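To keep things clear, I will list the structure first and then write my remarks on it.
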Amino acid sequence: MEMVGGEMPSFTEDRPRAGGALFGHLAAHLPAGAEVLVAGPHDDALIDALAGRATVTCLLRSQPEAIELEARGVRVLCGTLPKVTEAERYDVVVALDGLGRLCSVEGPQLDWAESLQALKRLLRPGGTLLLAVENELGVHKLVDPSSTTSAQDDSAWRPLGEFDTKPGNPGRLAARLSAEGLAIDWLGAAWPSPEAPTLIATPNALHDGPADALAAVTASATARAYAGRPVLSDPRRLAAAAVRGGLGPELAAAWIVAAHRAPRPAAVLSLPPVLLTAPVASRDAGEGPAAADGAVIGLAPGRDGAWTRRVLHEVPGHDLSALDGPLPRGRLLEELLLAACLRDDLPIVRRLLTGWASALPDATADNVVVHRDTYTVLDPSVPPQADVIRRFAETLLGGGYAHPWPAATDVRTLTTILHGAAGLPDDVPPGEDPPPPDARREHEEQIRALRRQLADAASRAQWYERELDRRDSELRKARMQIAAFSGSVGFRVAKLGYGVARKARNRLRKGLS
């Protein structure tokens, strides 16, 4: 281990390191036998994948992590980027963790632009830079309830965030790299997290490709990453709306760029417009990045203009051959159903539910795309699911969405109604109601719905109280009249005369008979 200055003897990184199947796939396309500098903390699996095909040197500021990595047989420069001299030159520089963890409190503090210039000086002529740039206005930031401008962990002593000099969109990133003499070979927008994306798509693909299908893929990738995590709003809806609205690159979590220093190298990265991981290789909620040997799928337009899928890297023990072929066209069934429910469009709801139940009764609504009257599974590798109608009912209630049956406030009742609309039997299999939603927007929507119900109940209670007061007033008046008449002398004389007259009438009737 070589000390270059600025190292921190007792510090360890407390944020996730860059890694995952897609980053591993990018590393596999780097030139074999090259000298590679891995700048910043990266996942062990990613470093091992690079070390298997190139000579790797890692630059780390944490001394304990540097010692641990050196023990695994990797050459390590322990220190910070400003302390690395130009005597160190490399064919490839990998900075998929970004440029934010390359300086320390023990040395100069470089901003993003200065860090880029320092990395460029470490590249040999014709060298390749593989860089990730986090988007401070990405969906992952917009839905994160803990996004602040103050330091929240030990490594964030310089929390500039959106006030840093890093570019704010892919166009400015490309211009900044060009200004530094770096020519771009490939640039992609990454979802749903900067440290371990499961979807990377070029801006051209997001703008000119099949918007509905790519929006569905983006929503699916985002759903897996945020399952069970507290958020401000449902990131699936925001990510899908961004892609459909042409703002996918601007709201992505990060941008991944491969650029080279002149002259142009003999081999440059050749990648499809869209890369994504299969669910079998996705990470579970709360765990670290997926292994670098996960399944990787590529999407690209065919000769006829239709987009196709192809498995680029398989997972042992998983048959993903069903993913090879045309990318299905259409919009997510779940989005169409939610939109119809919000409009109270019962004919459309019945048509969608009936078509779904007859065509794909074992596929969930978030894994079915609809094109005209054709229902197609988006990801055939997902196993069949039980009672998919109930799962959609949980989405309606758990998400706080308005629907045409406001009296159905529990999952079982709403599932029964949806079964009837889909032409299925009314019997609903037993199941537990879903927990409260984790998205604060959905919390607020549920609170608003409860307030409306309470206001309606309060209005009804006030009407009944007014009616009871009116009836009580009439009853008291009647009782007072009865008491007044029953206690007067005239009333008693009239009552006595009436009795005498009645007896005389009865005797007269007997005499005549």
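The way I read the labels, and the way they are meant: chains A, B, ... in the order of the structure tokens, residue 1 as the first residue of every chain, and ligand 1 as the first ligand shown, with later ones counted on from there.
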Item to check | range 218-335 of chain A: residues DSSP assigns to strand (DSSP E), reported as a list in words | outcome: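 Here are the strand (DSSP E) residues of range 218-335 of chain A: Ala254, Trp255, Ile256, Val257, Ala258, Ala259, His260, Arg261, Val274, Leu275, Leu276, Thr277, Val296, Ile297, Gly298, Leu299, Ala300, Pro301, Trp307, Thr308, Arg309, Arg310, Val311, Leu312, His313, Gly325, Pro326, Arg331 and Leu332 of chain A.
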How would the residues just picked look written out with N, CA and C atoms as a tab-separated table (two decimals), in the first residue's frame?
chain	number	residue	atom	x	y	z
A	254	ALA	N	-28.72	9.44	-11.98
A	254	ALA	CA	-27.33	9.76	-12.31
A	254	ALA	C	-27.14	9.64	-13.81
A	255	TRP	N	-26.00	10.12	-14.28
A	255	TRP	CA	-25.61	9.95	-15.68
A	255	TRP	C	-24.28	9.21	-15.72
A	256	ILE	N	-24.21	8.19	-16.55
A	256	ILE	CA	-23.01	7.39	-16.71
A	256	ILE	C	-22.40	7.71	-18.06
A	257	VAL	N	-21.14	8.06	-18.07
A	257	VAL	CA	-20.50	8.49	-19.31
A	257	VAL	C	-19.18	7.76	-19.49
A	258	ALA	N	-18.92	7.37	-20.72
A	258	ALA	CA	-17.63	6.83	-21.12
A	258	ALA	C	-17.03	7.80	-22.12
A	259	ALA	N	-15.86	8.33	-21.81
A	259	ALA	CA	-15.20	9.32	-22.66
A	259	ALA	C	-13.73	8.95	-22.79
A	260	HIS	N	-13.09	9.47	-23.80
A	260	HIS	CA	-11.67	9.17	-24.01
A	260	HIS	C	-10.91	10.46	-24.28
A	261	ARG	N	-9.64	10.37	-23.96
A	261	ARG	CA	-8.72	11.47	-24.24
A	261	ARG	C	-8.08	11.24	-25.60
A	274	VAL	N	-30.14	0.76	-24.32
A	274	VAL	CA	-30.74	0.56	-23.00
A	274	VAL	C	-30.17	-0.71	-22.39
A	275	LEU	N	-29.76	-0.62	-21.13
A	275	LEU	CA	-29.30	-1.76	-20.35
A	275	LEU	C	-30.14	-1.85	-19.09
A	276	LEU	N	-30.55	-3.05	-18.72
A	276	LEU	CA	-31.29	-3.24	-17.49
A	276	LEU	C	-30.99	-4.62	-16.92
A	277	THR	N	-31.25	-4.78	-15.65
A	277	THR	CA	-31.05	-6.06	-14.99
A	277	THR	C	-32.38	-6.79	-14.86
A	296	VAL	N	-28.11	-9.34	-17.22
A	296	VAL	CA	-28.15	-8.04	-17.90
A	296	VAL	C	-28.90	-8.21	-19.21
A	297	ILE	N	-29.85	-7.31	-19.44
A	297	ILE	CA	-30.68	-7.33	-20.64
A	297	ILE	C	-30.40	-6.07	-21.44
A	298	GLY	N	-30.29	-6.21	-22.75
A	298	GLY	CA	-30.10	-5.07	-23.63
A	298	GLY	C	-31.31	-4.83	-24.50
A	299	LEU	N	-31.69	-3.58	-24.67
A	299	LEU	CA	-32.80	-3.19	-25.54
A	299	LEU	C	-32.24	-2.34	-26.68
A	300	ALA	N	-32.66	-2.63	-27.88
A	300	ALA	CA	-32.19	-1.88	-29.05
A	300	ALA	C	-33.23	-1.95	-30.15
A	301	PRO	N	-33.29	-0.93	-31.02
A	301	PRO	CA	-34.25	-0.98	-32.13
A	301	PRO	C	-33.79	-1.96	-33.20
A	307	TRP	N	-38.51	-2.38	-31.21
A	307	TRP	CA	-37.44	-2.62	-30.25
A	307	TRP	C	-37.46	-4.09	-29.80
A	308	THR	N	-36.26	-4.63	-29.58
A	308	THR	CA	-36.12	-6.02	-29.16
A	308	THR	C	-35.29	-6.11	-27.89
A	309	ARG	N	-35.48	-7.22	-27.18
A	309	ARG	CA	-34.70	-7.52	-25.98
A	309	ARG	C	-33.73	-8.65	-26.26
A	310	ARG	N	-32.58	-8.61	-25.59
A	310	ARG	CA	-31.61	-9.69	-25.73
A	310	ARG	C	-30.87	-9.85	-24.42
A	311	VAL	N	-30.74	-11.07	-23.95
A	311	VAL	CA	-30.01	-11.36	-22.72
A	311	VAL	C	-28.52	-11.28	-23.03
A	312	LEU	N	-27.84	-10.33	-22.38
A	312	LEU	CA	-26.41	-10.13	-22.60
A	312	LEU	C	-25.56	-10.88	-21.61
A	313	HIS	N	-26.08	-11.09	-20.41
A	313	HIS	CA	-25.34	-11.80	-19.37
A	313	HIS	C	-26.35	-12.59	-18.54
A	325	GLY	N	-36.42	-11.41	-27.57
A	325	GLY	CA	-37.50	-11.19	-28.53
A	325	GLY	C	-37.98	-9.76	-28.52
A	326	PRO	N	-39.11	-9.50	-29.17
A	326	PRO	CA	-39.61	-8.12	-29.27
A	326	PRO	C	-40.02	-7.57	-27.90
A	331	ARG	N	-49.09	0.47	-22.76
A	331	ARG	CA	-48.94	1.08	-21.44
A	331	ARG	C	-49.22	0.07	-20.36
A	332	LEU	N	-48.69	0.34	-19.16
A	332	LEU	CA	-48.94	-0.56	-18.04
A	332	LEU	C	-50.43	-0.63	-17.73
Next on the checklist: At a cut-off of 10 Å, using only C-alpha atoms, what residues contact range 216-225 of chain A? Leave out same-chain residues fewer than 3 positions from it and give the result as a ChimeraX atom specification.
Outcome noted: /A:139-140,190-193,196-201,211-213,228-229,234-244,248,252,276-279,282-286,329-335,366-369,378-379
Item to check | Residues within 12 Å of range 115-125 of chain A, only C-alpha atoms, excluding chain neighbours under 5 positions, as an NGL selection string | outcome: :A and (34-40 or 59 or 80-95 or 98-103 or 108-110 or 130-133 or 164-167 or 173 or 176-183 or 259-266)
Item to check | Counting only C-alpha atoms, the option among A:Ser381, A:Thr55, A:Thr416, A:Ser270 closest to Leu323 in chain A | outcome: A:Ser381
Checklist entry - Between CA of Ser321 in chain A and CA of Val388 in chain A, what is the distance, to one decimal in Å? => result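 It comes out at 24.6 Å.
The gap separating CA of Pro145 in chain A from CA of Trp112 in chain A is 25.2 Å, in Å to one decimal.
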Item to check | Shortest interatomic distance to Ser233 in chain A - which of A:Asp144, A:Glu65, A:Asp410, A:Asp185, counting only C-alpha atoms | outcome: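 Closest to Ser233 in chain A of all the choices is A:Asp144.
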Next on the checklist: One number please: CA of Thr128 in chain A to CA of Asn204 in chain A, in Å, one decimal.
Outcome noted: 22.2 Å
Next on the checklist: If you run DSSP on the backbone here, which positions in range 223-338 of chain A get alpha helix (DSSP H)? Please write them as an MDAnalysis selection string.
Outcome noted: chainID A and resid 223:225 235:244 248:251 333:338
Output file for the selection above: N, CA and C atoms, as a PDB file, in the first residue's frame:
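The result, stored in out-v4.pdb:
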ATOM      1  N   ALA A 223     -39.799   0.387  -8.780  1.00  0.00           N
ATOM      2  CA  ALA A 223     -40.630  -0.305  -7.785  1.00  0.00           C
ATOM      3  C   ALA A 223     -39.804  -1.294  -6.977  1.00  0.00           C
ATOM      4  N   ARG A 224     -38.916  -2.037  -7.640  1.00  0.00           N
ATOM      5  CA  ARG A 224     -38.107  -3.017  -6.918  1.00  0.00           C
ATOM      6  C   ARG A 224     -37.151  -2.346  -5.943  1.00  0.00           C
ATOM      7  N   ALA A 225     -36.622  -1.187  -6.305  1.00  0.00           N
ATOM      8  CA  ALA A 225     -35.642  -0.517  -5.458  1.00  0.00           C
ATOM      9  C   ALA A 225     -36.279   0.127  -4.233  1.00  0.00           C
ATOM     10  N   PRO A 235     -42.394   6.811  -6.143  1.00  0.00           N
ATOM     11  CA  PRO A 235     -41.398   7.095  -7.197  1.00  0.00           C
ATOM     12  C   PRO A 235     -41.722   6.432  -8.521  1.00  0.00           C
ATOM     13  N   ARG A 236     -42.518   5.365  -8.520  1.00  0.00           N
ATOM     14  CA  ARG A 236     -42.877   4.710  -9.781  1.00  0.00           C
ATOM     15  C   ARG A 236     -43.655   5.656 -10.675  1.00  0.00           C
ATOM     16  N   ARG A 237     -44.633   6.339 -10.112  1.00  0.00           N
ATOM     17  CA  ARG A 237     -45.456   7.249 -10.901  1.00  0.00           C
ATOM     18  C   ARG A 237     -44.600   8.408 -11.431  1.00  0.00           C
ATOM     19  N   LEU A 238     -43.734   8.945 -10.566  1.00  0.00           N
ATOM     20  CA  LEU A 238     -42.918  10.081 -10.973  1.00  0.00           C
ATOM     21  C   LEU A 238     -41.927   9.681 -12.060  1.00  0.00           C
ATOM     22  N   ALA A 239     -41.292   8.512 -11.918  1.00  0.00           N
ATOM     23  CA  ALA A 239     -40.317   8.065 -12.918  1.00  0.00           C
ATOM     24  C   ALA A 239     -40.996   7.788 -14.255  1.00  0.00           C
ATOM     25  N   ALA A 240     -42.134   7.098 -14.228  1.00  0.00           N
ATOM     26  CA  ALA A 240     -42.838   6.791 -15.480  1.00  0.00           C
ATOM     27  C   ALA A 240     -43.335   8.064 -16.153  1.00  0.00           C
ATOM     28  N   ALA A 241     -43.861   9.000 -15.377  1.00  0.00           N
ATOM     29  CA  ALA A 241     -44.339  10.255 -15.957  1.00  0.00           C
ATOM     30  C   ALA A 241     -43.188  11.051 -16.566  1.00  0.00           C
ATOM     31  N   ALA A 242     -42.007  10.998 -15.932  1.00  0.00           N
ATOM     32  CA  ALA A 242     -40.852  11.720 -16.469  1.00  0.00           C
ATOM     33  C   ALA A 242     -40.434  11.152 -17.817  1.00  0.00           C
ATOM     34  N   VAL A 243     -40.413   9.828 -17.946  1.00  0.00           N
ATOM     35  CA  VAL A 243     -40.007   9.210 -19.210  1.00  0.00           C
ATOM     36  C   VAL A 243     -41.042   9.495 -20.288  1.00  0.00           C
ATOM     37  N   ARG A 244     -42.331   9.333 -19.984  1.00  0.00           N
ATOM     38  CA  ARG A 244     -43.367   9.605 -20.977  1.00  0.00           C
ATOM     39  C   ARG A 244     -43.402  11.072 -21.384  1.00  0.00           C
ATOM     40  N   GLY A 248     -37.018  12.140 -18.929  1.00  0.00           N
ATOM     41  CA  GLY A 248     -36.295  11.034 -18.323  1.00  0.00           C
ATOM     42  C   GLY A 248     -34.844  11.344 -18.025  1.00  0.00           C
ATOM     43  N   PRO A 249     -34.064  11.856 -18.996  1.00  0.00           N
ATOM     44  CA  PRO A 249     -32.654  12.152 -18.697  1.00  0.00           C
ATOM     45  C   PRO A 249     -32.483  13.216 -17.609  1.00  0.00           C
ATOM     46  N   GLU A 250     -33.382  14.205 -17.574  1.00  0.00           N
ATOM     47  CA  GLU A 250     -33.248  15.289 -16.606  1.00  0.00           C
ATOM     48  C   GLU A 250     -33.601  14.853 -15.192  1.00  0.00           C
ATOM     49  N   LEU A 251     -34.442  13.840 -15.018  1.00  0.00           N
ATOM     50  CA  LEU A 251     -34.855  13.396 -13.688  1.00  0.00           C
ATOM     51  C   LEU A 251     -34.267  12.048 -13.303  1.00  0.00           C
ATOM     52  N   LEU A 333     -50.917  -1.835 -17.508  1.00  0.00           N
ATOM     53  CA  LEU A 333     -52.319  -2.026 -17.142  1.00  0.00           C
ATOM     54  C   LEU A 333     -52.642  -1.303 -15.846  1.00  0.00           C
ATOM     55  N   GLU A 334     -51.739  -1.327 -14.890  1.00  0.00           N
ATOM     56  CA  GLU A 334     -51.996  -0.676 -13.609  1.00  0.00           C
ATOM     57  C   GLU A 334     -52.255   0.816 -13.798  1.00  0.00           C
ATOM     58  N   GLU A 335     -51.458   1.466 -14.653  1.00  0.00           N
ATOM     59  CA  GLU A 335     -51.658   2.893 -14.887  1.00  0.00           C
ATOM     60  C   GLU A 335     -52.992   3.166 -15.567  1.00  0.00           C
ATOM     61  N   LEU A 336     -53.358   2.330 -16.521  1.00  0.00           N
ATOM     62  CA  LEU A 336     -54.643   2.518 -17.204  1.00  0.00           C
ATOM     63  C   LEU A 336     -55.807   2.330 -16.241  1.00  0.00           C
ATOM     64  N   LEU A 337     -55.721   1.326 -15.366  1.00  0.00           N
ATOM     65  CA  LEU A 337     -56.790   1.096 -14.403  1.00  0.00           C
ATOM     66  C   LEU A 337     -56.893   2.247 -13.404  1.00  0.00           C
ATOM     67  N   LEU A 338     -55.752   2.711 -12.903  1.00  0.00           N
ATOM     68  CA  LEU A 338     -55.783   3.821 -11.952  1.00  0.00           C
ATOM     69  C   LEU A 338     -56.374   5.068 -12.593  1.00  0.00           C
TER      70      LEU A 338
END
